[in-house]
There are 2 protein chains.
Amino acid sequence: MGIVVQKYGGSSVADAAGIKRVAQRIVNTRKAGNDVVVVVSAMGDTTDELRDLAEQVTPLPPPRELDMLLTAGERISMALVAMAIAQLGHKAQSFTGSQAGVITDSAHGRAKIIDITPGRIEAAIKDGAIAIVAGFQGVSQDTKDVTTLGRGASDTTAVALAAALGADVCEIYSDVDGVFTADPRIVSTARKLDRVSTEVMLEMAASGAKILHLRCVEYARRYNMPVHVRSSFSQKEGTWVIPETVAGEHMEQAIIAGVAHDRSEAKITVVGVPDKVGEAARIFEALAVTEVNIDMVVQNVSAAATGLTDISFTLPRSDGQAAMAGLARIQDEVGYEKLLYDDQIGKVSLIGAGMRSHPGITAKFFAALAAAGVNIEMISTSEIRISVVVNESQVDEAVRSTHTAFELDNLEVEAVVYGGTGR
Amino acid sequence: MGIVVQKYGGSSVADAAGIKRVAQRIVNTRKAGNDVVVVVSAMGDTTDELRDLAEQVTPLPPPRELDMLLTAGERISMALVAMAIAQLGHKAQSFTGSQAGVITDSAHGRAKIIDITPGRIEAAIKDGAIAIVAGFQGVSQDTKDVTTLGRGASDTTAVALAAALGADVCEIYSDVDGVFTADPRIVSTARKLDRVSTEVMLEMAASGAKILHLRCVEYARRYNMPVHVRSSFSQKEGTWVIPETVAGEHMEQAIIAGVAHDRSEAKITVVGVPDKVGEAARIFEALAVTEVNIDMVVQNVSAAATGLTDISFTLPRSDGQAAMAGLARIQDEVGYEKLLYDDQIGKVSLIGAGMRSHPGITAKFFAALAAAGVNIEMISTSEIRISVVVNESQVDEAVRSTHTAFELDNLEVEAVVYGGTGR
């Protein structure tokens with residue numbers, strides 16, 4: 001008898017009806033002979049509503065208290081899910097992050113899991129109960145304070161817990177059917193992927209695909225935990241995210257896994273930086289102090305005549321103000337000319353493990369963008385990903401034209417959805 | 001520098017504006033040179049809303065999970081109060097019942113406090129912070145599960161914590177100005193009491209006065225903790241509930257403290273009980289097994305001809321079904337004739353420490369009821385209280401006529417409220 005960890009997102013437990021539906025699915029998994037551990041997010045928009053409430057009280061809530069507030073959300077949903085399971089005649093016990101042994105550092109609002117000591121969960125399972133665990137939260141090792149892992153981190157809780165418990169699989173339920181070749185809201189012909197390697201999924205998550213949280217995929221890769229991304233609203237198989245060694249044979253033919261996009265970033269350009277050793281380091285040290293996460297970085301070739309260069313980088317828009325302030329403080333020291341801030345950008349990424357052994361992908365990608373009239377502002381590449389920064393207004397067009405150019409369109413969408421058995 | 005414990009009820013922290021108002025009051029108390037520990041209830045109707053949510057999921061939520069759910073309410077309010085205090089430039093930290101060291105037994109939904117180990121609260125105070133504690137909740141000694149102390153028990157948390165911390169006073173804030181001689185919604189001329197002994201307050205709380213929770217007053221009496229009942233919406237002094245030894249000199253003249261009423265009870269009559277030794281014991285043993293709280297008990301004089309007697313008792317309406325079922329099970333054994341159930345009753349109580357040394361109070365009370373045409377169904381008395389059960393429809397009239405008969409009416413209400421300084 002194996003352990004299955006299931007994670008249900010906010011849209012799956014948005015109301016009493018959703019909670020009952022989820023409970024039935026959990027009980028079915030239990031009846032199929034598995035030990036079941038469930039991780040839940042807060043109901044629907046609860047977390048946002050709690051944030052709003054905090055904002056009404058103060059523009060700058062102390063992080064410790066904000067964490068205390070936000071963790072009420074999962075407390076509500078997990079207790080209700082446990083009740084719904086009991087109503088179906090099965091034993092269930094809910095556990096806060098602290099009770100589940102999710103030990104974190106003390107970085108409120110973005111705490112990292114240091115260790116998981118799931119003694120109470122294991123005892124509950126041994127006792128024949130289904131354990132319901134609050135996602136997104138833990139307890140700090142030093143101060144024993146309640147912490148949160150950051151937005152969307154219930155996925156991370158689930159995979160980390162699955163690894164700690166030695167589970168067979170971690171199922172991540174949401175309101176979409178799996179991982180798609182592109183966002184179906186933008187590309188109507190996007191196809192669901194049956195399986196994708198953890199490595200490719202990591203690049204997709206990092207490139208803006210919202211289906212799985214980045215840190216969750218990192219955990220899955222580190223602990224070789226198979227993740228099944230699927231919908232709680234249907235019985236269909238979703239997308240299996242599996243270690244590359246296992247996925248290898250299936251992945252070989254698929255050159256391109258999909259097109260991801262991200263509208264959450266801004267671009268800062270430091271104009272007129274003296275082209276001397278150590279200047280770039282000073283700039284990024286100043287940014288590190290402000291705890292800003294930098295994504296893409298591009299340095300122009302220095303103009304020989306002036307000895308000056310420009311450095312551009314992208315970062316989360318929410319970090320924009322802090323970064324600009326941090327850079328302003330070192331203007332005299334570095335001697336750069338000025339700062340430019342642009343938050344009307346979007347990032348479009350082409351991702352696929354097959355990419356590394358197939359030349360010509362980059363050329364084809366850029367040609368598709370050019371044909372669609374999309375101007376490329378920045379470029380960055382990895383072994384299995386090419387990302388470009390474009391004007392925000394051109395993101396949709398860029399995604400669609402790339403998706404078509406790489407023959408990712410599912411021309412039989414209607415047949416798949418409405419046809420099926422061929423009757 | 002003394003410690004002041006303040007408790008704010010749900011109506012005082014119903015929204016962001018209320019929370020900011022409360023925070024200002026807390027900060028003012030701090031600025032006056034006190035160490036401040038605050039106990040909060042859930043915002044407004046949050047607890048009822050959470051109960052509704054549970055009901056939508058299952059008619060019979062497991063008590064452990066219901067407690068997990070309901071405790072989310074105080075978690076939200078305490079974090080917001082801590083944020084509002086921080087916004088005013090003062091240090092504040094919120095603590096769950098568990099973090100505050102409120103150790104209880106394992107009776108979910110009605111747990112009793114076994115011990116309070118407020119080490120983290122004391123550390124916070126020492127650190128210069130204002131501690132905000134979740135009312136109504138604790139952690140079970142045996143299973144380390146989250147427990148609740150039962151409806152309205154945040155008052156109890158506050159007084160118990162005040163006792164454990166050796167506080168100077170426990171201030172209980174709500175939306176009314178203090179303890180009145182009767183419910184002002186029924187008796188428009190009811191007067192606010194400036195002070196009342198803990199003993200009298202205990203009888204008032206037990207008789208249906210909702211201003212203070214019964215267990216809270218029991219704690220106050222046991223630990224000689226002065227309690228100041230007041231409104232969070234004004235700066236007026238409220239009612240001081242103080243140990244009798246201190247209150248004595250002030251209380252002597254006030255024969256009658258007030259008239260309380262209670263509409264939450266039902267009456268069960270066991271008809272035709274064989275008048276033999278041990279029959280009553282069997283009946284109340286059967287009730288004890290169902291964990292029903294019995295209030296008043298009356299046994300009629302046995303009719304000599306039949307050798308049968310009737311036993312009537314009152315109990316919370318919510319326990320009615322369980323009690324009737326428990327009694328039905330022993331009908332054959334006891335050999336009583338039948339059971340009568342009446343939930344159209346109300347209890348009216350006259351309370352005052354001066355009562356014991358003043359004869360004629362009972363006669364005057366019953367005469368007032370007779371003059372108002374109120375029929376008395378049951379009577380019970382203590383040293384400082386006389387209670388009668390009447391038809392529910394006559395409760396208001398009984399309270400008003402008694403209030404007037406004992407000259408409790410404040411004929412200068414308008415002058416007191418609108419006049420004041422005499423300008």
# chains A, B, ... in the order shown; residues from 1 in each chain; ligands from 1
$ interface_residues --of "chain B" --to "chain A" --cutoff "7 Å" --atoms "only C-alpha atoms" --output "PyMOL selection string"
chain B and resi 16+20+54+56-58+61-62+65-66+68-69+72+75-76+79-80+82-84+87+94
$ residues_around --residues "Lys31 of chain A" --least-positions-apart "3" --cutoff "12 Å" --atoms "only C-alpha atoms" --output "PyMOL selection string"
chain A and resi 1+24-28+34-36+88-90+128+130
$ residues_around --residues "Leu212 of chain A" --least-positions-apart "3" --cutoff "9 Å" --atoms "only C-alpha atoms" --output "PDB file with all heavy atoms, in the first residue's frame"
ATOM      1  N   GLY A 152       1.475  30.920  -3.640  1.00  0.00           N
ATOM      2  CA  GLY A 152       1.403  29.710  -4.458  1.00  0.00           C
ATOM      3  C   GLY A 152       2.248  28.564  -3.964  1.00  0.00           C
ATOM      4  O   GLY A 152       2.433  27.568  -4.657  1.00  0.00           O
ATOM      5  N   ASP A 155       1.943  24.103  -3.443  1.00  0.00           N
ATOM      6  CA  ASP A 155       2.538  23.066  -4.294  1.00  0.00           C
ATOM      7  C   ASP A 155       3.848  22.578  -3.684  1.00  0.00           C
ATOM      8  O   ASP A 155       4.131  21.380  -3.656  1.00  0.00           O
ATOM      9  CB  ASP A 155       2.857  23.624  -5.690  1.00  0.00           C
ATOM     10  CG  ASP A 155       1.627  23.976  -6.487  1.00  0.00           C
ATOM     11  OD1 ASP A 155       0.511  23.728  -5.996  1.00  0.00           O
ATOM     12  OD2 ASP A 155       1.792  24.506  -7.607  1.00  0.00           O
ATOM     13  N   THR A 156       4.644  23.530  -3.217  1.00  0.00           N
ATOM     14  CA  THR A 156       5.930  23.196  -2.615  1.00  0.00           C
ATOM     15  C   THR A 156       5.727  22.358  -1.361  1.00  0.00           C
ATOM     16  O   THR A 156       6.418  21.350  -1.160  1.00  0.00           O
ATOM     17  CB  THR A 156       6.701  24.486  -2.259  1.00  0.00           C
ATOM     18  OG1 THR A 156       6.733  25.310  -3.422  1.00  0.00           O
ATOM     19  CG2 THR A 156       8.107  24.181  -1.812  1.00  0.00           C
ATOM     20  N   ILE A 172      -1.066  17.148  -8.063  1.00  0.00           N
ATOM     21  CA  ILE A 172      -1.375  18.566  -7.868  1.00  0.00           C
ATOM     22  C   ILE A 172      -2.663  18.883  -8.628  1.00  0.00           C
ATOM     23  O   ILE A 172      -2.682  18.887  -9.864  1.00  0.00           O
ATOM     24  CB  ILE A 172      -0.231  19.460  -8.403  1.00  0.00           C
ATOM     25  CG1 ILE A 172       1.114  19.066  -7.779  1.00  0.00           C
ATOM     26  CG2 ILE A 172      -0.559  20.933  -8.188  1.00  0.00           C
ATOM     27  CD1 ILE A 172       1.364  19.578  -6.398  1.00  0.00           C
ATOM     28  N   VAL A 179      -0.496  20.480 -17.927  1.00  0.00           N
ATOM     29  CA  VAL A 179       0.446  21.439 -18.488  1.00  0.00           C
ATOM     30  C   VAL A 179       0.201  21.513 -19.994  1.00  0.00           C
ATOM     31  O   VAL A 179       0.141  20.483 -20.663  1.00  0.00           O
ATOM     32  CB  VAL A 179       1.893  20.994 -18.206  1.00  0.00           C
ATOM     33  CG1 VAL A 179       2.891  22.009 -18.767  1.00  0.00           C
ATOM     34  CG2 VAL A 179       2.109  20.782 -16.709  1.00  0.00           C
ATOM     35  N   MET A 201      10.007  21.249 -17.118  1.00  0.00           N
ATOM     36  CA  MET A 201       8.971  21.883 -16.301  1.00  0.00           C
ATOM     37  C   MET A 201       9.558  23.021 -15.491  1.00  0.00           C
ATOM     38  O   MET A 201       8.925  24.049 -15.270  1.00  0.00           O
ATOM     39  CB  MET A 201       8.350  20.832 -15.368  1.00  0.00           C
ATOM     40  CG  MET A 201       7.069  21.294 -14.687  1.00  0.00           C
ATOM     41  SD  MET A 201       5.720  21.598 -15.863  1.00  0.00           S
ATOM     42  CE  MET A 201       5.226  23.246 -15.387  1.00  0.00           C
ATOM     43  N   LEU A 202      10.797  22.820 -15.042  1.00  0.00           N
ATOM     44  CA  LEU A 202      11.483  23.841 -14.259  1.00  0.00           C
ATOM     45  C   LEU A 202      11.637  25.116 -15.094  1.00  0.00           C
ATOM     46  O   LEU A 202      11.360  26.224 -14.626  1.00  0.00           O
ATOM     47  CB  LEU A 202      12.854  23.304 -13.846  1.00  0.00           C
ATOM     48  CG  LEU A 202      13.548  23.938 -12.661  1.00  0.00           C
ATOM     49  CD1 LEU A 202      12.720  23.805 -11.410  1.00  0.00           C
ATOM     50  CD2 LEU A 202      14.900  23.262 -12.451  1.00  0.00           C
ATOM     51  N   MET A 204       9.834  25.925 -17.691  1.00  0.00           N
ATOM     52  CA  MET A 204       8.512  26.481 -17.965  1.00  0.00           C
ATOM     53  C   MET A 204       8.005  27.296 -16.774  1.00  0.00           C
ATOM     54  O   MET A 204       7.479  28.393 -16.922  1.00  0.00           O
ATOM     55  CB  MET A 204       7.526  25.363 -18.319  1.00  0.00           C
ATOM     56  CG  MET A 204       7.841  24.723 -19.668  1.00  0.00           C
ATOM     57  SD  MET A 204       6.627  23.466 -20.161  1.00  0.00           S
ATOM     58  CE  MET A 204       5.404  24.472 -20.973  1.00  0.00           C
ATOM     59  N   ALA A 205       8.177  26.750 -15.562  1.00  0.00           N
ATOM     60  CA  ALA A 205       7.731  27.462 -14.363  1.00  0.00           C
ATOM     61  C   ALA A 205       8.502  28.768 -14.212  1.00  0.00           C
ATOM     62  O   ALA A 205       7.930  29.819 -13.905  1.00  0.00           O
ATOM     63  CB  ALA A 205       7.905  26.586 -13.132  1.00  0.00           C
ATOM     64  N   ALA A 209       4.999  29.987 -16.733  1.00  0.00           N
ATOM     65  CA  ALA A 209       3.885  29.040 -16.736  1.00  0.00           C
ATOM     66  C   ALA A 209       3.408  28.901 -15.297  1.00  0.00           C
ATOM     67  O   ALA A 209       4.180  28.531 -14.426  1.00  0.00           O
ATOM     68  CB  ALA A 209       4.331  27.692 -17.297  1.00  0.00           C
ATOM     69  N   ARG A 215       9.430  26.577  -7.036  1.00  0.00           N
ATOM     70  CA  ARG A 215      10.119  25.866  -5.955  1.00  0.00           C
ATOM     71  C   ARG A 215       9.608  24.443  -5.810  1.00  0.00           C
ATOM     72  O   ARG A 215      10.331  23.547  -5.399  1.00  0.00           O
ATOM     73  CB  ARG A 215       9.963  26.631  -4.647  1.00  0.00           C
ATOM     74  CG  ARG A 215      10.987  27.751  -4.545  1.00  0.00           C
ATOM     75  CD  ARG A 215      10.591  28.791  -3.553  1.00  0.00           C
ATOM     76  NE  ARG A 215      10.515  28.268  -2.200  1.00  0.00           N
ATOM     77  CZ  ARG A 215       9.960  28.939  -1.188  1.00  0.00           C
ATOM     78  NH1 ARG A 215       9.417  30.129  -1.405  1.00  0.00           N
ATOM     79  NH2 ARG A 215       9.945  28.425   0.015  1.00  0.00           N
ATOM     80  N   CYS A 216       8.331  24.255  -6.137  1.00  0.00           N
ATOM     81  CA  CYS A 216       7.769  22.906  -6.109  1.00  0.00           C
ATOM     82  C   CYS A 216       8.483  22.015  -7.105  1.00  0.00           C
ATOM     83  O   CYS A 216       8.840  20.863  -6.803  1.00  0.00           O
ATOM     84  CB  CYS A 216       6.282  23.010  -6.417  1.00  0.00           C
ATOM     85  SG  CYS A 216       5.565  21.614  -7.241  1.00  0.00           S
ATOM     86  N   VAL A 217       8.748  22.528  -8.304  1.00  0.00           N
ATOM     87  CA  VAL A 217       9.427  21.724  -9.324  1.00  0.00           C
ATOM     88  C   VAL A 217      10.871  21.457  -8.905  1.00  0.00           C
ATOM     89  O   VAL A 217      11.409  20.371  -9.123  1.00  0.00           O
ATOM     90  CB  VAL A 217       9.372  22.420 -10.702  1.00  0.00           C
ATOM     91  CG1 VAL A 217       9.901  21.476 -11.780  1.00  0.00           C
ATOM     92  CG2 VAL A 217       7.955  22.849 -11.037  1.00  0.00           C
ATOM     93  N   VAL A 229       0.041  16.521 -12.535  1.00  0.00           N
ATOM     94  CA  VAL A 229      -0.717  17.777 -12.551  1.00  0.00           C
ATOM     95  C   VAL A 229      -2.049  17.524 -13.231  1.00  0.00           C
ATOM     96  O   VAL A 229      -2.084  17.124 -14.402  1.00  0.00           O
ATOM     97  CB  VAL A 229       0.056  18.859 -13.343  1.00  0.00           C
ATOM     98  CG1 VAL A 229      -0.715  20.167 -13.343  1.00  0.00           C
ATOM     99  CG2 VAL A 229       1.446  19.050 -12.768  1.00  0.00           C
TER     100      VAL A 229
END
$ residues_around --residues "Thr148 of chain B" --least-positions-apart "6" --cutoff "6 Å" --atoms "only C-alpha atoms" --output "number ranges by chain"
B: 67, 109, 111, 136-137
$ write_last_selection --atoms "C-alpha atoms" --output "PDB file, in the first residue's frame"
ATOM      1  CA  ASP B  67     -12.272  23.764  16.853  1.00  0.00           C
ATOM      2  CA  GLY B 109     -15.865  22.850  21.942  1.00  0.00           C
ATOM      3  CA  ALA B 111     -12.496  22.739  26.944  1.00  0.00           C
ATOM      4  CA  PHE B 136     -11.516  31.422  23.326  1.00  0.00           C
ATOM      5  CA  GLN B 137      -8.825  28.896  22.453  1.00  0.00           C
TER       6      GLN B 137
END
$ residues_around --residues "Val40 of chain A" --least-positions-apart "6" --cutoff "7 Å" --atoms "only C-alpha atoms" --output "list in words"
Lys7, Tyr8, Gly9, Glu74, Ser77, Met78, Val133, Ala134, Gly135 and Ser154 of chain A
$ residues_around --residues "Ala368 of chain B" --least-positions-apart "4" --cutoff "12 Å" --atoms "only C-alpha atoms" --output "NGL selection string"
:B and (350 or 361-364 or 372-376 or 397-407)
$ residues_around --residues "segment 173-176 of chain A" --least-positions-apart "6" --cutoff "9 Å" --atoms "only C-alpha atoms" --output "ChimeraX atom specification"
/A:6-12,211,228-233,238
$ atom_distance --atom1 "atom CA of Ala163 of chain A" --atom2 "atom CA of Arg120 of chain A"
15.8 Å
$ atom_distance --atom1 "atom CA of Glu203 of chain B" --atom2 "atom CA of Val259 of chain B"
10.6 Å
$ atom_distance --atom1 "atom CA of Ala131 of chain B" --atom2 "atom CA of Ala220 of chain B"
20.8 Å
$ select_by_dssp --residues "segment 177-267 of chain B" --states "helix (DSSP H, G or I)" --output "ChimeraX atom specification"
/B:198-206,214-222,244-251
$ closest_atom_pairs --of "segment 272-294 of chain A" --to "segment 321-336 of chain A" --cutoff "7 Å" --atoms "only C-alpha atoms" --output "tab-separated table"
residue	atom	partner	partner_atom	distance
A:Gly272	CA	A:Tyr336	CA	5.1
A:Val273	CA	A:Tyr336	CA	4.4
A:Pro274	CA	A:Tyr336	CA	6.7
A:Glu279	CA	A:Val334	CA	6.5
A:Ile283	CA	A:Leu327	CA	6.9
A:Ala286	CA	A:Gly326	CA	6.0
A:Leu287	CA	A:Ala323	CA	6.0
A:Thr290	CA	A:Ala322	CA	6.4
A:Val292	CA	A:Ala323	CA	6.6
$ write_last_selection --atoms "N, CA and C atoms" --output "mmCIF file, in the first residue's frame"
data_model
loop_
_atom_site.group_PDB
_atom_site.id
_atom_site.type_symbol
_atom_site.label_atom_id
_atom_site.label_comp_id
_atom_site.auth_asym_id
_atom_site.auth_seq_id
_atom_site.Cartn_x
_atom_site.Cartn_y
_atom_site.Cartn_z
ATOM 1 N N GLY A 272 24.984 54.397 -19.606
ATOM 2 C CA GLY A 272 26.263 55.109 -19.501
ATOM 3 C C GLY A 272 27.132 54.652 -18.355
ATOM 4 N N VAL A 273 27.303 53.329 -18.234
ATOM 5 C CA VAL A 273 28.165 52.796 -17.182
ATOM 6 C C VAL A 273 29.605 52.775 -17.705
ATOM 7 N N PRO A 274 30.577 53.336 -16.972
ATOM 8 C CA PRO A 274 31.976 53.263 -17.395
ATOM 9 C C PRO A 274 32.362 51.803 -17.585
ATOM 10 N N GLU A 279 32.572 47.333 -12.411
ATOM 11 C CA GLU A 279 31.407 48.229 -12.369
ATOM 12 C C GLU A 279 30.106 47.426 -12.296
ATOM 13 N N ILE A 283 27.097 47.237 -9.334
ATOM 14 C CA ILE A 283 25.660 47.411 -9.588
ATOM 15 C C ILE A 283 24.858 46.242 -9.019
ATOM 16 N N ALA A 286 24.708 46.117 -5.242
ATOM 17 C CA ALA A 286 23.733 47.077 -4.709
ATOM 18 C C ALA A 286 22.322 46.493 -4.790
ATOM 19 N N LEU A 287 22.072 45.742 -5.874
ATOM 20 C CA LEU A 287 20.749 45.128 -6.035
ATOM 21 C C LEU A 287 20.574 43.976 -5.044
ATOM 22 N N THR A 290 19.278 44.947 -1.730
ATOM 23 C CA THR A 290 17.839 45.219 -1.652
ATOM 24 C C THR A 290 17.013 43.942 -1.763
ATOM 25 N N VAL A 292 16.472 42.011 -4.240
ATOM 26 C CA VAL A 292 15.716 41.955 -5.481
ATOM 27 C C VAL A 292 16.167 40.743 -6.297
#
